[in-house]
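Inspection log for the structure reproduced underneath, given as structure tokens.
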Amino acid sequence: MNHWDWHFVWRTLPQLVDALCVTLQATALGMLLAATLGLFWAVARRSAARLVSWPAAAVVEFIRSTPLLVQLYFLYYVFPSLGVTLSAMAAGVIGLGVHYSSYTAEVYRAGLEGVPRGQWEAATALNLSKWDTLRRVVLPQAIPPVLPALGNYLVAMFKETPLLSAITVVELVHVAKDEIGAETFKYLEPLTLVGVIFLVLSLLSAAMIRYVEAKWTLRRIAV
Amino acid sequence: MNEQPIIELCGVSKSFGQLRVLRGIDLDINAGQHVSVIGPSGSGKSTLLRLLMTLEKPDAGTVRIDGDYLYHLDNTNGLRPAPPRHTRQVRAKVGMVFQHFNLFPHMSVLRNVSMAPLRVQGLSKQDAQQRAEDLLGMVGLRDKLDSYPHQLSGGQKQRVAIARALAMQPKVMLFDEVTSALDPELVGEVQTVLRELATSTNMTMLIVTHQMRFAQQIADRVVFFDRGVIVEDGQPEVIFSNPRHDRTRRFLQTVLEAT
Amino acid sequence: MPAIFDLLPFLLDGLWVTVQVTAGGAVVAAVAALGAGLGRLSKYRVIRAVSATYAEFFRGTSALVQLYWAFYALPLLVGLQIDALPAAIWVLGLNIGAYGSEVVRGAVLAVPKGQREAAVALSLTQRQCLWRIIIPQAVPAMLPPIGNLLIELLKSTALVSLVTLSDLTFRAKLLRDDTPDRVLEIFCLLLLVYFLLSMAITSLVRGLERYLGRRMDRVRSA
Ligand SMILES: Nc1ncnc2c1ncn2[C@@H]1O[C@H](COP(=O)(O)OP(=O)(O)O)[C@@H](O)[C@H]1O
Ligand SMILES: [Mg+2]
């Protein structure tokens with residue numbers, strides 16, 4: 001039997017806080033990538049040219065159908081053999097971003113489909129270029145309604161950052177298990193703390209998203 | 001003079017938040033009576049029926065069905081709230097047909113009608129199906145036993161719903177605007193079924209309807225509802241040709257003009 | 001490059017573990033999702049609270065953290081070693097089940113109110129109403145999201161390679177250690193196998209949707 005050791009908790013907390021910074025950094029950078037790349041997929045999938053839309057759909061489908069962990073291994077272990085060596089953090093961020101771009105692509109797609117056809121037609125009638133139509137007319141209407149859904153995937157991605165420990169990124173789980181745990185053979189406190197940190201942060205962010213969403217809905221009704 | 005009413009409402013009130021939908025309703029209905037309930041929309045007619053079906057709970061007052069309190073237990077020290085089981089037993093004497101049919105979409109017509117006798121009354125499968133077939137024959141749908149609700153017209157759906165409610169052999173049937181959701185040309189077939197039911201059985205019927213002519217024909221008693229109270233209650237001839245209250249008169253005028 | 005397929009037999013030795021965890025996890029998830037999804041609609045506060053806590057807890061912490069916790073921390077707490085395979089099945093199943101409870105809840109709430117009222121009018125008990133009226137109508141709406149969750153489950157089974165279970169991913173890592181120069185082939189093959197498994201799940205669920213298709217038409221248009 002092992003007893004919960006508060007002294008040990010306080011002693012290791014600073015280490016975990018440092019690791020949390022790495023986790024948050026990876027989440028932020030990963031989301032940046034996922035948000036941009038996902039938009040790219042969504043627009044490409046709507047392209048009239050089959051040569052564009054079809055491969056985009058296939059790639060998204062493939063990314064979403066295979067495990068993030070394997071994709072991370074691919075980036076970290078296979079890419080060097082192709083002459084591209086990535087740091088663990090870089091591989092982690094790219095892996096997260098690319099994997100989640102397959103989810104954000106769906107979100108953007110829903111947003112794009114929510115824009116009435118008449119908007120495209122009106123822009124065409126004004127002789128706007130396709131690019132301008134997209135950028136100045138369609139996207140400004142398509143994106144705001146789906147921001148909460150994007151936010152939810154941000155939280156989901158945050159909860160998958162522990163996978164980065166498998167490619168030696170020194171984030172929360174790596175520190176808890178492979179540094180603190182492996183050194184002291186005490187796993188209960190660090191792993192429980194990590195669980196609590198994730199729980200608190202994801203509950204907080206979910207509540208925040210709901211709050212923002214409710215405010216927006218109210219404002220939209222008011223308009 | 002020893003006849004006990006089959007439905008007795010005493011001081012029944014119901015509010016939704018600030019809105020007082022029923023304001024102290026007293027109403028006795030004798031077994032075998034056919035009562036048309038009329039009144040402007042929003043006056044509380046549906047709420048009254050739903051209360052008898054236990055789909056809503058009254059805030060105050062008592063309801064008795066066939067002598068038994070619906071929401072209360074009677075003991076020597078007066079009344080106390082009844083457990084759900086008691087309520088279930090008492091309301092088994094009541095059946096209801098809804099404006100929007102509420103047929104079970106995943107069951108065939110036969111299953112819709114035979115399911116409750118089979119599962120609730122514990123009839124054998126054969127007996128339940130026999131009863132269902134007889135009732136479906138009565139409403140003119142013997143050839144639709146194996147159809148599914150989405151394959152039926154609105155009028156046919158509503159006739160199935162009537163058969164389904166009758167299959168539980170209730171003593172009281174509640175009809176809440178059962179023709180309001182139908183295309184005009186389908187209203188007749190459902191009204192015909194109700195008329196037959198009224199003439200050929202001594203079923204107690206409460207019929208909420210906006211079709212005044214039908215209300216007059218089918219009923220031996222008419223209740224006019226307005227803003228949660230019963231304004232007028234009497235024989236159809238009296239209410240329709242010579243109402244005592246101004247509210248009733250004006251309501252009938254607007255409704256009859258509209259049709 | 002047909003040579004790539006000589007790696008396949010070794011890799012596929014891990015397939016059985018992957019399939020076991022996926023199938024076992026799916027069963028755990030289905031039970032948990034139904035229990036917690038209906039539990040959140042219960043009229044008893046305690047049941048609602050327990051169901052919501054379960055769902056929030058498993059959705060709020062990360063699957064890998066849960067797995068490590070069950071693997072490294074829990075044995076210290078209870079003082080006995082837990083078998084890796086059942087532990088993995090339970091953890092991943094409960095994790096996906098937490099998401100599934102939302103699906104169940106949503107689908108049950110989407111059944112029109114009139115259906116419940118008709119059941120009351122026919123004196124059905126609450127249990128009969130649930131199993132004979134509500135659930136049969138809710139299931140068709142659940143299928144597409146369930147398909148997605150099954151794929152999430154399959155993908156999450158790769159995590160069991162991190163707790164010493166010899167699944168597909170674990171075998172791939174062993175292969176990499178043996179033949180580091182073939183790392184590209186190994187992981188391409190691995191991705192392909194997972195992709196095919198996902199496709200299999202997708203077509204299974206689609207088949208089920210088609211099978212229930214007639215029923216769904218009924219539900220939609222009645
Ligand atoms: N569940 C409910 N919640 C809030 N208000 C309701 C509810 N049911 C009915 N009401 C309100 O109660 C009033 C009476 O409704 P109802 O009994 O349906 O009238 P009627 O059937 O005579 O048209 C209406 O104003 C209606 O909006
Ligand atoms: Mg009404």
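To be explicit about the labels: the chains of the structure tokens are called A, B, and onward in the order shown, and within each one the residues are counted from 1, while ligands get numbers from 1 in the order they are shown.
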For this session: Excluding range 131-147 of chain A and residues on its chain fewer than 6 positions from it, collect all residues at most 8 Å away from it, counting only C-alpha atoms, and give them as a PyMOL selection string.
Result: chain A and resi 107-108+110-115+119-120+123-124
Problem set entry | Site check for ligand 2: residues at most 12 Å away, only C-alpha atoms and all ligand atoms, as number ranges by chain | B: 21, 37-50, 98-100, 175-181, 207-210, 225
Report the closest atom pair, with its distance in Å rounded to one decimal, for each residue of chain B that has an atom no farther than 8 Å from chain C; count only C-alpha atoms, sort by chain and then rising residue number, and write it as a tab-separated table.
residue	atom	partner	partner_atom	distance
B:Met53	CA	C:Ala121	CA	6.3
B:Leu55	CA	C:Glu117	CA	6.8
B:Arg88	CA	C:Ser123	CA	6.7
B:Arg91	CA	C:Ser123	CA	7.7
B:Ala92	CA	C:Ser123	CA	6.1
B:Val94	CA	C:Ala121	CA	7.5
B:Gly95	CA	C:Ala121	CA	5.8
B:Met96	CA	C:Ala121	CA	6.0
B:His100	CA	C:Gly114	CA	8.0
B:Asn102	CA	C:Gly114	CA	5.5
B:Leu103	CA	C:Gln115	CA	7.3
B:Phe104	CA	C:Gln115	CA	6.8
B:Pro105	CA	C:Val219	CA	5.1
B:His106	CA	C:Arg215	CA	6.1
B:Ala116	CA	C:Leu122	CA	6.2
B:Arg119	CA	C:Leu124	CA	7.6
B:Val120	CA	C:Leu124	CA	6.1
B:Tyr148	CA	C:Arg218	CA	7.2
B:Pro149	CA	C:Ala222	CA	5.8
B:His150	CA	C:Ala222	CA	4.5
B:Ala165	CA	C:Leu122	CA	6.8
B:Met168	CA	C:Leu122	CA	7.0
For the residues selected in the previous step, produce a file with N, CA, C and O atoms as a CSV table (one decimal), in the first residue's frame.
chain,number,residue,atom,x,y,z
B,53,MET,N,-55.6,12.8,-18.2
B,53,MET,CA,-54.8,11.8,-18.7
B,53,MET,C,-53.5,11.7,-17.9
B,53,MET,O,-52.6,10.9,-18.2
B,55,LEU,N,-51.1,13.8,-17.9
B,55,LEU,CA,-50.0,14.3,-18.6
B,55,LEU,C,-49.6,15.7,-18.0
B,55,LEU,O,-48.5,16.2,-18.2
B,88,ARG,N,-51.6,5.3,-11.9
B,88,ARG,CA,-51.6,4.5,-13.1
B,88,ARG,C,-52.9,3.6,-13.1
B,88,ARG,O,-53.5,3.4,-14.2
B,91,ARG,N,-56.0,5.8,-13.9
B,91,ARG,CA,-56.1,6.4,-15.2
B,91,ARG,C,-56.2,5.4,-16.3
B,91,ARG,O,-56.4,5.7,-17.5
B,92,ALA,N,-56.1,4.1,-16.0
B,92,ALA,CA,-56.3,3.1,-17.0
B,92,ALA,C,-57.7,3.1,-17.5
B,92,ALA,O,-58.0,2.6,-18.6
B,94,VAL,N,-59.1,5.7,-18.6
B,94,VAL,CA,-59.1,6.8,-19.5
B,94,VAL,C,-58.3,6.6,-20.7
B,94,VAL,O,-57.2,6.0,-20.6
B,95,GLY,N,-58.8,6.9,-21.9
B,95,GLY,CA,-58.0,6.8,-23.1
B,95,GLY,C,-58.0,8.2,-23.8
B,95,GLY,O,-58.8,9.0,-23.6
B,96,MET,N,-57.0,8.4,-24.7
B,96,MET,CA,-56.9,9.7,-25.3
B,96,MET,C,-56.4,9.6,-26.7
B,96,MET,O,-55.6,8.8,-27.1
B,100,HIS,N,-52.1,15.4,-33.0
B,100,HIS,CA,-51.0,14.9,-34.0
B,100,HIS,C,-50.8,13.4,-33.9
B,100,HIS,O,-49.7,12.9,-34.1
B,102,ASN,N,-49.6,10.9,-32.8
B,102,ASN,CA,-48.6,10.3,-31.9
B,102,ASN,C,-48.6,8.7,-32.1
B,102,ASN,O,-48.5,8.0,-31.1
B,103,LEU,N,-48.8,8.3,-33.3
B,103,LEU,CA,-48.6,6.8,-33.6
B,103,LEU,C,-47.2,6.5,-33.4
B,103,LEU,O,-46.3,7.3,-33.5
B,104,PHE,N,-46.9,5.2,-33.1
B,104,PHE,CA,-45.5,4.8,-33.0
B,104,PHE,C,-45.0,4.4,-34.4
B,104,PHE,O,-45.4,3.5,-35.0
B,105,PRO,N,-44.0,5.2,-34.9
B,105,PRO,CA,-43.6,5.1,-36.3
B,105,PRO,C,-42.9,3.8,-36.6
B,105,PRO,O,-42.9,3.4,-37.7
B,106,HIS,N,-42.4,3.2,-35.6
B,106,HIS,CA,-41.6,2.0,-35.8
B,106,HIS,C,-42.4,0.7,-35.7
B,106,HIS,O,-41.8,-0.4,-35.8
B,116,ALA,N,-50.4,-2.4,-26.5
B,116,ALA,CA,-50.7,-2.1,-25.1
B,116,ALA,C,-51.6,-3.2,-24.5
B,116,ALA,O,-51.3,-3.7,-23.4
B,119,ARG,N,-49.0,-5.9,-23.7
B,119,ARG,CA,-48.0,-5.7,-22.7
B,119,ARG,C,-48.5,-5.1,-21.4
B,119,ARG,O,-47.9,-5.3,-20.4
B,120,VAL,N,-49.7,-4.4,-21.5
B,120,VAL,CA,-50.2,-3.8,-20.2
B,120,VAL,C,-51.3,-4.7,-19.6
B,120,VAL,O,-51.2,-5.0,-18.4
B,148,TYR,N,-47.4,0.7,-42.3
B,148,TYR,CA,-46.7,1.5,-41.2
B,148,TYR,C,-47.3,2.9,-41.3
B,148,TYR,O,-47.8,3.3,-42.3
B,149,PRO,N,-47.3,3.6,-40.1
B,149,PRO,CA,-47.9,4.9,-40.1
B,149,PRO,C,-47.5,5.8,-41.2
B,149,PRO,O,-48.4,6.5,-41.7
B,150,HIS,N,-46.3,5.8,-41.7
B,150,HIS,CA,-45.9,6.8,-42.7
B,150,HIS,C,-46.6,6.4,-44.0
B,150,HIS,O,-46.5,7.3,-45.0
B,165,ALA,N,-56.5,3.6,-28.9
B,165,ALA,CA,-57.0,4.0,-27.6
B,165,ALA,C,-58.1,3.1,-27.2
B,165,ALA,O,-58.2,2.7,-26.0
B,168,MET,N,-57.7,-0.4,-25.3
B,168,MET,CA,-57.4,-0.6,-23.9
B,168,MET,C,-58.8,-0.6,-23.1
B,168,MET,O,-58.8,-0.6,-21.9
Exercise. Arg210 in chain A: which residues within 12 Å, counting only C-alpha atoms, same-chain residues fewer than 3 positions away excluded, as a ChimeraX atom specification?
Worked result: /A:147-149,151-152,203-207,213-217
Could you save the residues just selected, with all heavy atoms, as a tab-separated table (two decimals), in the first residue's frame?
chain	number	residue	atom	x	y	z
A	147	LEU	N	-16.92	29.04	-34.58
A	147	LEU	CA	-15.82	29.22	-33.62
A	147	LEU	C	-15.98	28.38	-32.35
A	147	LEU	O	-15.00	27.79	-31.90
A	147	LEU	CB	-15.65	30.70	-33.28
A	147	LEU	CG	-14.91	31.50	-34.36
A	147	LEU	CD1	-14.85	32.98	-33.99
A	147	LEU	CD2	-13.50	30.96	-34.57
A	148	PRO	N	-17.18	28.27	-31.78
A	148	PRO	CA	-17.30	27.39	-30.60
A	148	PRO	C	-16.90	25.95	-30.91
A	148	PRO	O	-16.22	25.31	-30.11
A	148	PRO	CB	-18.79	27.49	-30.25
A	148	PRO	CG	-19.23	28.78	-30.81
A	148	PRO	CD	-18.43	28.99	-32.06
A	149	ALA	N	-17.31	25.44	-32.07
A	149	ALA	CA	-16.95	24.07	-32.44
A	149	ALA	C	-15.44	23.94	-32.57
A	149	ALA	O	-14.84	22.95	-32.12
A	149	ALA	CB	-17.63	23.68	-33.75
A	151	GLY	N	-13.35	25.73	-30.93
A	151	GLY	CA	-12.88	25.78	-29.55
A	151	GLY	C	-12.93	24.40	-28.90
A	151	GLY	O	-12.02	24.01	-28.18
A	152	ASN	N	-14.01	23.66	-29.19
A	152	ASN	CA	-14.13	22.33	-28.62
A	152	ASN	C	-12.99	21.42	-29.09
A	152	ASN	O	-12.49	20.60	-28.33
A	152	ASN	CB	-15.47	21.71	-28.97
A	152	ASN	CG	-16.60	22.33	-28.16
A	152	ASN	OD1	-16.39	22.76	-27.03
A	152	ASN	ND2	-17.78	22.42	-28.75
A	203	LEU	N	-12.41	21.44	-18.06
A	203	LEU	CA	-13.72	21.89	-17.59
A	203	LEU	C	-13.82	23.41	-17.71
A	203	LEU	O	-14.83	23.95	-18.15
A	203	LEU	CB	-13.95	21.47	-16.13
A	203	LEU	CG	-14.29	19.99	-15.91
A	203	LEU	CD1	-14.50	19.71	-14.44
A	203	LEU	CD2	-15.53	19.60	-16.70
A	204	LEU	N	-12.73	24.09	-17.31
A	204	LEU	CA	-12.72	25.55	-17.40
A	204	LEU	C	-12.91	26.01	-18.83
A	204	LEU	O	-13.73	26.89	-19.12
A	204	LEU	CB	-11.40	26.10	-16.86
A	204	LEU	CG	-11.33	26.35	-15.36
A	204	LEU	CD1	-9.95	26.89	-14.99
A	204	LEU	CD2	-12.42	27.34	-14.96
A	205	SER	N	-12.15	25.41	-19.74
A	205	SER	CA	-12.25	25.90	-21.12
A	205	SER	C	-13.60	25.55	-21.73
A	205	SER	O	-14.15	26.34	-22.50
A	205	SER	CB	-11.10	25.40	-21.99
A	205	SER	OG	-10.55	24.23	-21.47
A	206	ALA	N	-14.13	24.38	-21.36
A	206	ALA	CA	-15.46	24.04	-21.89
A	206	ALA	C	-16.50	25.04	-21.39
A	206	ALA	O	-17.35	25.50	-22.15
A	206	ALA	CB	-15.85	22.62	-21.47
A	207	ALA	N	-16.39	25.41	-20.11
A	207	ALA	CA	-17.33	26.39	-19.56
A	207	ALA	C	-17.18	27.73	-20.27
A	207	ALA	O	-18.16	28.41	-20.58
A	207	ALA	CB	-17.10	26.55	-18.06
A	213	GLU	N	-20.33	31.20	-26.35
A	213	GLU	CA	-21.35	30.78	-27.30
A	213	GLU	C	-22.71	31.38	-26.94
A	213	GLU	O	-23.42	31.92	-27.78
A	213	GLU	CB	-21.43	29.25	-27.31
A	213	GLU	CG	-22.13	28.69	-28.52
A	213	GLU	CD	-22.12	27.17	-28.52
A	213	GLU	OE1	-21.60	26.58	-27.55
A	213	GLU	OE2	-22.63	26.60	-29.48
A	214	ALA	N	-23.04	31.30	-25.66
A	214	ALA	CA	-24.33	31.82	-25.21
A	214	ALA	C	-24.41	33.32	-25.47
A	214	ALA	O	-25.42	33.84	-25.93
A	214	ALA	CB	-24.53	31.52	-23.72
A	215	LYS	N	-23.31	34.02	-25.20
A	215	LYS	CA	-23.31	35.47	-25.43
A	215	LYS	C	-23.53	35.80	-26.90
A	215	LYS	O	-24.28	36.69	-27.24
A	215	LYS	CB	-21.97	36.06	-24.95
A	215	LYS	CG	-22.01	36.53	-23.52
A	215	LYS	CD	-20.84	37.41	-23.23
A	215	LYS	CE	-21.28	38.84	-23.07
A	215	LYS	NZ	-20.41	39.61	-22.17
A	216	TRP	N	-22.84	35.04	-27.73
A	216	TRP	CA	-22.99	35.29	-29.17
A	216	TRP	C	-24.39	35.02	-29.65
A	216	TRP	O	-24.95	35.77	-30.43
A	216	TRP	CB	-22.05	34.38	-29.95
A	216	TRP	CG	-20.69	34.93	-30.03
A	216	TRP	CD1	-20.28	36.17	-29.67
A	216	TRP	CD2	-19.54	34.26	-30.52
A	216	TRP	NE1	-18.95	36.30	-29.88
A	216	TRP	CE2	-18.47	35.14	-30.40
A	216	TRP	CE3	-19.32	32.98	-31.03
A	216	TRP	CZ2	-17.19	34.81	-30.79
A	216	TRP	CZ3	-18.05	32.65	-31.42
A	216	TRP	CH2	-17.00	33.56	-31.30
A	217	THR	N	-24.94	33.92	-29.16
A	217	THR	CA	-26.30	33.58	-29.59
A	217	THR	C	-27.24	34.69	-29.20
A	217	THR	O	-28.07	35.12	-29.99
A	217	THR	CB	-26.74	32.26	-28.93
A	217	THR	OG1	-25.63	31.37	-28.96
A	217	THR	CG2	-27.91	31.67	-29.66
Exercise. Any idea what's packed within 12 Å of Leu13 in chain A, counting only C-alpha atoms, ignoring anything in its chain fewer than 3 positions away? Could you give it as a ChimeraX atom specification?
Worked result: /A:6-10,16-20,172,175-176,180,189-194,197
